[in-house]
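File shown here: my_file_24.cif, holding mmCIF, C-alpha atoms.
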data_coords
loop_
_atom_site.label_atom_id
_atom_site.label_comp_id
_atom_site.auth_asym_id
_atom_site.auth_seq_id
_atom_site.Cartn_x
_atom_site.Cartn_y
_atom_site.Cartn_z
CA MET A 1 0.00 0.00 0.00
CA VAL A 2 1.38 3.40 -1.02
CA GLU A 3 1.55 5.81 1.89
CA THR A 4 -0.25 9.11 1.21
CA PRO A 5 1.79 12.26 1.81
CA LYS A 6 1.19 14.26 4.97
CA ILE A 7 -0.27 17.71 4.40
CA LYS A 8 2.55 20.17 4.98
CA ARG A 9 1.81 22.95 2.50
CA ILE A 10 -1.45 24.36 1.15
CA ALA A 11 -2.34 26.20 -2.03
CA VAL A 12 -5.34 28.52 -2.21
CA LEU A 13 -6.41 29.23 -5.79
CA GLY A 14 -8.43 32.43 -5.93
CA GLY A 15 -7.93 35.28 -3.49
CA GLY A 16 -11.41 36.77 -3.30
CA LEU A 17 -13.59 36.92 -0.20
CA ILE A 18 -13.76 33.12 0.21
CA GLY A 19 -10.20 32.41 -0.89
CA SER A 20 -8.69 35.00 1.44
CA GLY A 21 -10.82 33.63 4.28
CA TRP A 22 -9.45 30.15 3.63
CA ALA A 23 -5.92 31.58 3.53
CA VAL A 24 -6.43 33.29 6.90
CA PHE A 25 -7.72 30.05 8.39
CA PHE A 26 -4.85 27.87 7.14
CA LEU A 27 -2.22 30.45 8.09
CA TRP A 28 -3.74 30.79 11.54
CA LYS A 29 -3.56 27.01 11.93
CA GLY A 30 0.17 27.03 11.20
CA TYR A 31 0.45 26.06 7.53
CA PRO A 32 2.57 27.67 4.82
CA VAL A 33 0.08 28.86 2.19
CA HIS A 34 0.66 29.78 -1.45
CA ILE A 35 -2.13 32.08 -2.64
CA TYR A 36 -2.82 32.43 -6.36
CA ASP A 37 -4.82 35.01 -8.27
CA ILE A 38 -4.81 36.26 -11.84
CA SER A 39 -3.22 39.68 -11.29
CA GLU A 40 -0.93 41.59 -8.96
CA GLU A 41 -3.78 44.00 -8.26
CA ALA A 42 -6.04 41.17 -7.11
CA LEU A 43 -3.24 39.76 -4.96
CA MET A 44 -2.68 43.12 -3.29
CA ALA A 45 -6.36 43.19 -2.30
CA THR A 46 -6.08 39.62 -1.01
CA GLN A 47 -2.98 40.46 1.00
CA GLU A 48 -4.71 43.42 2.60
CA ARG A 49 -7.80 41.35 3.53
CA THR A 50 -5.56 38.62 4.95
CA ARG A 51 -3.60 41.09 7.08
CA ARG A 52 -6.78 42.83 8.26
CA ASP A 53 -8.50 39.58 9.26
CA LEU A 54 -5.46 38.21 11.09
CA GLN A 55 -5.09 41.49 12.97
CA TYR A 56 -8.79 41.29 13.82
CA LEU A 57 -8.32 37.78 15.26
CA SER A 58 -5.37 39.09 17.23
CA GLY A 59 -7.48 41.93 18.60
CA LYS A 60 -10.09 39.40 19.76
CA GLY A 61 -7.48 37.36 21.59
CA VAL A 62 -7.66 34.42 19.17
CA ILE A 63 -4.08 34.87 17.92
CA PRO A 64 -1.32 36.29 20.16
CA THR A 65 -0.47 39.80 18.99
CA HIS A 66 3.24 39.07 18.89
CA SER A 67 2.73 36.14 16.46
CA VAL A 68 0.79 37.96 13.72
CA GLY A 69 3.96 38.83 11.83
CA ALA A 70 5.13 35.23 11.86
CA VAL A 71 1.71 34.05 10.66
CA LEU A 72 1.76 36.53 7.78
CA ASP A 73 5.27 35.39 6.85
CA ARG A 74 3.89 31.93 6.08
CA ALA A 75 1.94 33.37 3.11
CA GLU A 76 3.29 33.66 -0.41
CA TYR A 77 1.33 35.43 -3.15
CA THR A 78 1.72 34.54 -6.81
CA THR A 79 0.12 34.87 -10.25
CA SER A 80 1.56 31.49 -11.25
CA VAL A 81 -0.55 28.37 -10.75
CA GLU A 82 2.59 26.31 -11.15
CA ARG A 83 4.28 28.16 -8.30
CA ALA A 84 1.18 28.03 -6.11
CA VAL A 85 0.67 24.27 -6.28
CA LYS A 86 4.34 23.28 -6.23
CA ASP A 87 4.95 20.98 -3.25
CA ALA A 88 1.36 21.50 -2.02
CA GLN A 89 -0.44 18.44 -0.68
CA PHE A 90 -3.80 20.21 -0.33
CA ILE A 91 -5.26 22.60 -2.90
CA GLN A 92 -8.25 24.72 -1.86
CA GLU A 93 -9.77 26.16 -5.02
CA ALA A 94 -11.89 29.32 -4.67
CA ALA A 95 -12.21 30.54 -8.26
CA PRO A 96 -15.36 32.17 -9.73
CA GLU A 97 -18.48 30.01 -9.73
CA LYS A 98 -18.35 28.91 -13.38
CA TYR A 99 -17.68 25.42 -14.67
CA GLU A 100 -15.39 26.58 -17.46
CA VAL A 101 -13.24 28.65 -15.09
CA LYS A 102 -12.84 25.86 -12.56
CA GLN A 103 -12.21 23.25 -15.26
CA ALA A 104 -9.48 25.38 -16.84
CA LEU A 105 -7.85 25.93 -13.46
CA LEU A 106 -8.01 22.23 -12.65
CA ALA A 107 -6.29 21.46 -15.96
CA GLN A 108 -3.35 23.58 -14.82
CA VAL A 109 -3.37 21.86 -11.43
CA ASP A 110 -3.22 18.47 -13.16
CA LYS A 111 -0.20 19.65 -15.09
CA HIS A 112 1.80 21.08 -12.19
CA ALA A 113 0.65 19.57 -8.86
CA GLU A 114 1.71 16.37 -7.17
CA GLY A 115 -0.47 13.46 -8.23
CA GLU A 116 -1.53 12.75 -4.63
CA ALA A 117 -2.45 16.36 -3.86
CA ILE A 118 -6.12 16.79 -2.94
CA PHE A 119 -8.14 19.26 -5.03
CA ALA A 120 -10.96 20.71 -2.90
CA SER A 121 -13.32 23.07 -4.71
CA SER A 122 -15.04 25.74 -2.64
CA THR A 123 -17.97 25.80 -5.05
CA SER A 124 -21.21 26.79 -3.35
CA GLY A 125 -23.40 24.71 -5.63
CA LEU A 126 -21.70 23.31 -8.73
CA LEU A 127 -21.26 19.56 -9.15
CA ILE A 128 -17.75 18.22 -8.62
CA THR A 129 -18.42 15.50 -11.19
CA GLU A 130 -18.72 18.22 -13.82
CA ILE A 131 -15.80 20.28 -12.51
CA ALA A 132 -13.56 17.19 -12.69
CA ARG A 133 -15.02 15.87 -15.97
CA PHE A 134 -11.81 16.46 -17.94
CA SER A 135 -9.34 15.98 -15.11
CA GLU A 136 -6.49 13.47 -15.36
CA TYR A 137 -6.86 12.81 -11.63
CA PRO A 138 -10.61 12.87 -10.84
CA GLY A 139 -10.11 10.59 -7.86
CA ARG A 140 -8.46 13.37 -5.89
CA CYS A 141 -11.18 15.94 -6.65
CA LEU A 142 -14.06 16.80 -4.34
CA GLY A 143 -16.27 19.70 -3.36
CA ALA A 144 -15.53 21.45 -0.07
CA HIS A 145 -18.03 24.23 0.45
CA PRO A 146 -17.37 26.59 3.39
CA TYR A 147 -19.71 29.13 4.90
CA ASN A 148 -18.75 32.80 4.87
CA PRO A 149 -16.57 33.91 6.58
CA PRO A 150 -14.56 30.67 6.17
CA HIS A 151 -12.01 31.52 8.84
CA LEU A 152 -14.75 31.77 11.49
CA ILE A 153 -17.69 29.51 10.61
CA PRO A 154 -16.79 25.84 11.19
CA LEU A 155 -19.02 24.16 8.59
CA VAL A 156 -17.46 22.54 5.52
CA GLU A 157 -19.71 20.48 3.22
CA ILE A 158 -17.81 17.73 1.39
CA SER A 159 -19.28 16.41 -1.86
CA LYS A 160 -18.06 13.40 -3.83
CA GLY A 161 -17.99 13.25 -7.61
CA ASP A 162 -18.73 10.04 -9.49
CA ARG A 163 -14.98 9.27 -9.62
CA THR A 164 -13.82 10.65 -6.28
CA ASN A 165 -11.81 8.15 -4.25
CA GLU A 166 -13.17 7.32 -0.81
CA GLU A 167 -9.63 7.70 0.53
CA THR A 168 -9.66 11.31 -0.69
CA VAL A 169 -12.90 11.93 1.18
CA LYS A 170 -11.53 10.39 4.37
CA ARG A 171 -8.25 12.32 4.20
CA THR A 172 -10.09 15.58 3.60
CA TYR A 173 -12.62 14.96 6.36
CA ASP A 174 -9.89 14.07 8.84
CA PHE A 175 -7.80 17.09 7.81
CA TYR A 176 -10.60 19.60 8.28
CA LYS A 177 -11.66 17.94 11.53
CA SER A 178 -8.10 18.16 12.87
CA LEU A 179 -8.20 21.93 12.32
CA GLY A 180 -11.43 22.39 14.26
CA LYS A 181 -13.82 22.48 11.32
CA GLU A 182 -17.17 20.65 11.35
CA PRO A 183 -17.20 18.73 8.06
CA VAL A 184 -20.29 16.93 6.77
CA VAL A 185 -20.18 14.49 3.84
CA LEU A 186 -22.95 14.34 1.25
CA GLN A 187 -23.76 10.72 0.38
CA LYS A 188 -24.73 11.78 -3.13
CA GLU A 189 -24.24 14.96 -5.15
CA ALA A 190 -26.86 17.69 -4.87
CA PRO A 191 -26.71 21.18 -6.44
CA GLY A 192 -26.34 23.71 -3.64
CA TYR A 193 -25.18 21.12 -1.10
CA ILE A 194 -27.11 20.98 2.22
CA ALA A 195 -26.94 24.33 4.00
CA ASN A 196 -27.46 26.50 0.94
CA ARG A 197 -30.52 24.48 -0.11
CA LEU A 198 -32.01 24.88 3.37
CA SER A 199 -31.14 28.58 3.37
CA VAL A 200 -32.71 29.36 -0.01
CA ALA A 201 -35.79 27.29 0.85
CA LEU A 202 -36.34 29.58 3.82
CA TYR A 203 -35.55 32.61 1.67
CA ARG A 204 -38.11 31.67 -0.98
CA GLU A 205 -40.82 31.71 1.67
CA ALA A 206 -39.44 35.02 2.98
CA VAL A 207 -39.69 36.56 -0.50
CA ASP A 208 -43.20 35.22 -0.95
CA LEU A 209 -44.41 36.62 2.38
CA VAL A 210 -43.12 40.09 1.49
CA LEU A 211 -44.63 40.04 -2.01
CA ARG A 212 -47.98 38.90 -0.61
CA GLY A 213 -47.96 41.87 1.77
CA VAL A 214 -47.77 39.77 4.93
CA CYS A 215 -44.71 41.60 6.24
CA THR A 216 -41.75 43.79 5.27
CA VAL A 217 -38.17 42.86 4.44
CA GLU A 218 -37.10 44.10 7.87
CA ASP A 219 -39.87 42.09 9.56
CA ILE A 220 -38.50 38.92 7.94
CA ASP A 221 -34.99 39.54 9.25
CA ARG A 222 -36.20 40.41 12.74
CA ALA A 223 -38.45 37.34 12.89
CA VAL A 224 -35.64 34.98 11.87
CA CYS A 225 -32.97 36.69 13.97
CA PHE A 226 -34.92 36.89 17.22
CA GLY A 227 -36.82 33.61 16.79
CA PRO A 228 -35.55 30.46 15.09
CA GLY A 229 -32.16 31.99 14.35
CA LEU A 230 -31.26 32.02 18.04
CA ARG A 231 -32.03 28.32 18.30
CA PHE A 232 -30.33 27.50 15.00
CA SER A 233 -27.09 28.95 16.33
CA LEU A 234 -27.07 26.22 18.97
CA MET A 235 -28.71 23.20 17.34
CA GLY A 236 -30.27 21.99 14.09
CA PRO A 237 -33.97 21.65 13.22
CA ASN A 238 -34.29 17.96 14.08
CA LEU A 239 -32.92 18.39 17.59
CA ILE A 240 -34.96 21.58 18.05
CA TYR A 241 -38.16 19.69 17.21
CA HIS A 242 -37.08 16.78 19.39
CA LEU A 243 -36.78 19.10 22.40
CA GLY A 244 -40.13 20.64 21.49
CA GLY A 245 -41.84 17.27 21.61
CA GLY A 246 -41.46 16.78 25.34
CA ALA A 247 -41.43 13.18 26.54
CA GLN A 248 -42.42 11.86 23.09
CA GLY A 249 -39.66 13.78 21.29
CA ILE A 250 -39.68 14.55 17.59
CA GLN A 251 -42.00 11.70 16.70
CA GLY A 252 -44.64 12.96 19.09
CA LEU A 253 -44.25 16.55 17.90
CA ILE A 254 -44.68 15.62 14.24
CA LYS A 255 -47.79 13.59 15.00
CA HIS A 256 -49.17 16.44 17.10
CA ILE A 257 -48.62 19.35 14.71
CA GLY A 258 -48.51 17.34 11.49
CA PRO A 259 -52.01 18.18 10.19
CA SER A 260 -51.48 21.91 10.86
CA VAL A 261 -48.12 21.92 9.11
CA GLU A 262 -49.65 20.23 6.07
CA ARG A 263 -52.15 23.10 5.83
CA TRP A 264 -49.24 25.59 6.04
CA TRP A 265 -47.44 23.78 3.20
CA GLU A 266 -50.54 24.09 1.03
CA ASP A 267 -50.30 27.88 1.44
CA MET A 268 -46.52 28.19 1.02
CA ALA A 269 -44.49 29.21 -2.02
CA ILE A 270 -43.70 26.60 -4.67
CA TRP A 271 -42.41 28.82 -7.52
CA ASN A 272 -38.92 28.20 -8.91
CA LYS A 273 -38.20 31.45 -10.77
CA TRP A 274 -37.31 34.74 -9.07
CA PRO A 275 -40.39 36.99 -9.09
CA ASP A 276 -40.18 40.09 -11.27
CA GLY A 277 -39.01 43.16 -9.40
CA TRP A 278 -37.76 41.32 -6.32
CA PRO A 279 -34.10 42.47 -6.57
CA GLU A 280 -35.20 46.10 -6.36
CA ILE A 281 -37.69 45.42 -3.57
CA ALA A 282 -35.00 43.54 -1.62
CA ARG A 283 -32.49 46.36 -2.14
CA ASP A 284 -34.87 49.05 -0.90
CA GLY A 285 -35.97 46.92 2.05
CA VAL A 286 -32.42 46.13 3.16
CA ASN A 287 -31.35 49.77 2.82
CA ASN A 288 -34.27 50.80 5.03
CA GLU A 289 -33.42 48.06 7.54
CA MET A 290 -29.78 49.19 7.72
CA GLU A 291 -30.85 52.77 8.41
CA ASN A 292 -33.08 51.60 11.27
CA ARG A 293 -30.40 49.57 13.07
CA PRO A 294 -29.06 50.83 16.42
CA PRO A 295 -25.82 52.73 15.70
CA GLU A 296 -23.84 50.41 17.97
CA GLN A 297 -24.81 47.49 15.71
CA GLY A 298 -23.70 49.28 12.54
CA ASN A 299 -25.46 51.10 9.70
CA THR A 300 -23.06 50.35 6.83
CA VAL A 301 -21.91 47.07 5.28
CA GLU A 302 -18.46 47.48 6.84
CA GLN A 303 -19.85 48.26 10.31
CA ILE A 304 -22.38 45.44 10.21
CA SER A 305 -19.75 42.95 9.00
CA LYS A 306 -17.56 43.78 11.99
CA TRP A 307 -20.53 43.54 14.35
CA ARG A 308 -21.37 40.14 12.81
CA ASP A 309 -17.82 38.88 13.25
CA ASP A 310 -17.71 40.12 16.85
CA GLY A 311 -20.87 38.16 17.54
CA LEU A 312 -19.57 35.05 15.78
CA VAL A 313 -16.38 35.13 17.83
CA GLU A 314 -18.31 35.32 21.11
CA LEU A 315 -20.70 32.55 20.05
CA LEU A 316 -17.86 30.31 18.86
CA LYS A 317 -16.07 30.81 22.15
CA MET A 318 -19.23 29.87 24.02
CA ILE A 319 -19.66 26.60 22.11
CA LYS A 320 -15.93 25.84 22.44
CA LYS A 321 -15.19 26.14 18.72
CA LEU A 322 -12.67 28.95 19.11
#
Can the structure from this file be put into structure tokens for me?
Amino acid sequence: MVETPKIKRIAVLGGGLIGSGWAVFFLWKGYPVHIYDISEEALMATQERTRRDLQYLSGKGVIPTHSVGAVLDRAEYTTSVERAVKDAQFIQEAAPEKYEVKQALLAQVDKHAEGEAIFASSTSGLLITEIARFSEYPGRCLGAHPYNPPHLIPLVEISKGDRTNEETVKRTYDFYKSLGKEPVVLQKEAPGYIANRLSVALYREAVDLVLRGVCTVEDIDRAVCFGPGLRFSLMGPNLIYHLGGGAQGIQGLIKHIGPSVERWWEDMAIWNKWPDGWPEIARDGVNNEMENRPPEQGNTVEQISKWRDDGLVELLKMIKKL
């Protein structure tokens, strides 16, 4: 049996919001990281985001202040795919969400990377079977979808293509788990993975309620945030319903409220095309919501993002994930 190489160096392909978040995470965990993007300008933006996020983690006590410089020194930025993947045992791809872009990038990886290097695509919904369709090494390819921001939120959804090796899945799962991530493995491919499908299912009903005049955009966000969202931050829907069922648990709850829920479903949205005009309605509603927020919680995208991250850090500390 051929021994698989230990992961000692990581390549991140694509330095946008997701790619830079991955880079921050791997650097923070002690790995040398080669970060690739298509231009020096893009790399400069990536480098600035990486520095800012690591300094933020330092300010929150997650990384010792005196070690930030050493962490940053583990990063190398390059416009060469060959240079990025050289000697890398794990390749985290975070290129634009288009099959042709990811396929072209994978072709370069096949040419320059070690044959045993894992190729993990951060696609948020594309099928890894299609991404790896023309690859010389499809067995090492899988989907690895993070949640934004990747350096804070633990979830990683692992998806197998029709030619992905089970050993690749196991190595990837174990690697993420060893770094404190919470990986889940899809048993079969599904566009959008798990969490995104659940999220957009909720969002479709949110859109429908607004368009039917039941509530406003801000009402939707307040209802989710101060209701189920609080519970979702601690446990998933099955366990929530199990606790709600008392002595009979989830089975008893479903039997008890089942007929009512079926009547709700009859009244809920089933369309599968975005309604006309919704982007503009959503924009105006979100802008109004941002204006109405307490100043200490932020009124701009930048302020709200920081407030979000502050909250995530405190929550992750509470549940012992940070």
One residue among A:Gly180, A:Gly161, A:Pro237, A:Gly285 is nearest to Ala195 of chain A when using all atoms listed in the file, and that residue is A:Pro237
Judged by all atoms listed in the file, the minimum distance to Glu40 of chain A among A:Ser80, A:Phe134, A:Pro150, A:Asn288 is found for A:Ser80
Counting all atoms listed in the file, the residue among A:Tyr36, A:Tyr56, A:Phe119, A:Tyr99 that lies closest to Gly19 of chain A is A:Tyr36
Do you know which residues the PyMOL selection byres ((chain A and resi 28) around 9) returns on this file, as an MDAnalysis selection string?
-> chainID A and resid 23:27 29:31 54 63 68 71:72 151
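Remark: for Glu116 of chain A, the closest of the candidate residues A:Lys188, A:Arg204, A:Lys6, A:Lys102 is A:Lys6 (distances computed over all atoms listed in the file).
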Near-Leu43 of chain A list (12 Å; all atoms listed in the file; drop same-chain fewer than 2 positions) as a PyMOL selection string: chain A and resi 12-17+19-20+34-41+45-50+75-80
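Counting all atoms listed in the file and comparing A:Leu234, A:Ala190, A:Asn196, A:Pro5, the residue that lies closest to Leu315 of chain A is A:Leu234.
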For this file, the PyMOL selection byres ((chain A and resi 93) around 6) selects which residues, as a compact mmCIF listing (two decimals) with C-alpha atoms, in the coordinates of the input?
# COMPACT_ATOMS: atom_id res chain seq x y z
CA VAL A 12 -5.34 28.52 -2.21
CA LEU A 13 -6.41 29.23 -5.79
CA GLN A 92 -8.25 24.72 -1.86
CA ALA A 94 -11.89 29.32 -4.67
CA ALA A 95 -12.21 30.54 -8.26
CA ALA A 120 -10.96 20.71 -2.90
CA SER A 121 -13.32 23.07 -4.71
CA SER A 122 -15.04 25.74 -2.64
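Nearest-residue note for Gly69 of chain A: choosing from A:Asp87, A:Gln55, A:Asp309, A:Lys317, the minimum distance belongs to A:Gln55, counting only C-alpha atoms.
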May I have the protein, DNA and RNA residues with any atom at most 8 Å from the point (-3.6, 18.6, -5.4), counting all atoms listed in the file, written as number ranges by chain? A: 85, 88-91, 109-110, 113-119, 140
Here atom CA of Val217 of chain A and atom CA of Arg308 of chain A stand apart by 19.0 Å
request  = Around the point (-13.0, 18.4, 9.7), in the coordinates given by the file, pick out the residues reaching within 12 Å, counting only C-alpha atoms, and return them as a ChimeraX atom specification.
outcome  = /A:144,146,154-158,169-185
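The interatomic distance for the pair atom CA of Ala132 of chain A and atom CA of Leu106 of chain A works out to 7.5 Å.
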For Glu289 of chain A: contacts at 12 Å, all atoms listed in the file, fewer than 6 positions along chain excluded, given as a PyMOL selection string = chain A and resi 216-222+282-283+297-301+304
At a cut-off of 7 Å, using only C-alpha atoms, what residues contact Thr123 of chain A? Leave out same-chain residues fewer than 3 positions from it and give the result as an MDAnalysis selection string. chainID A and resid 97 126 143 145
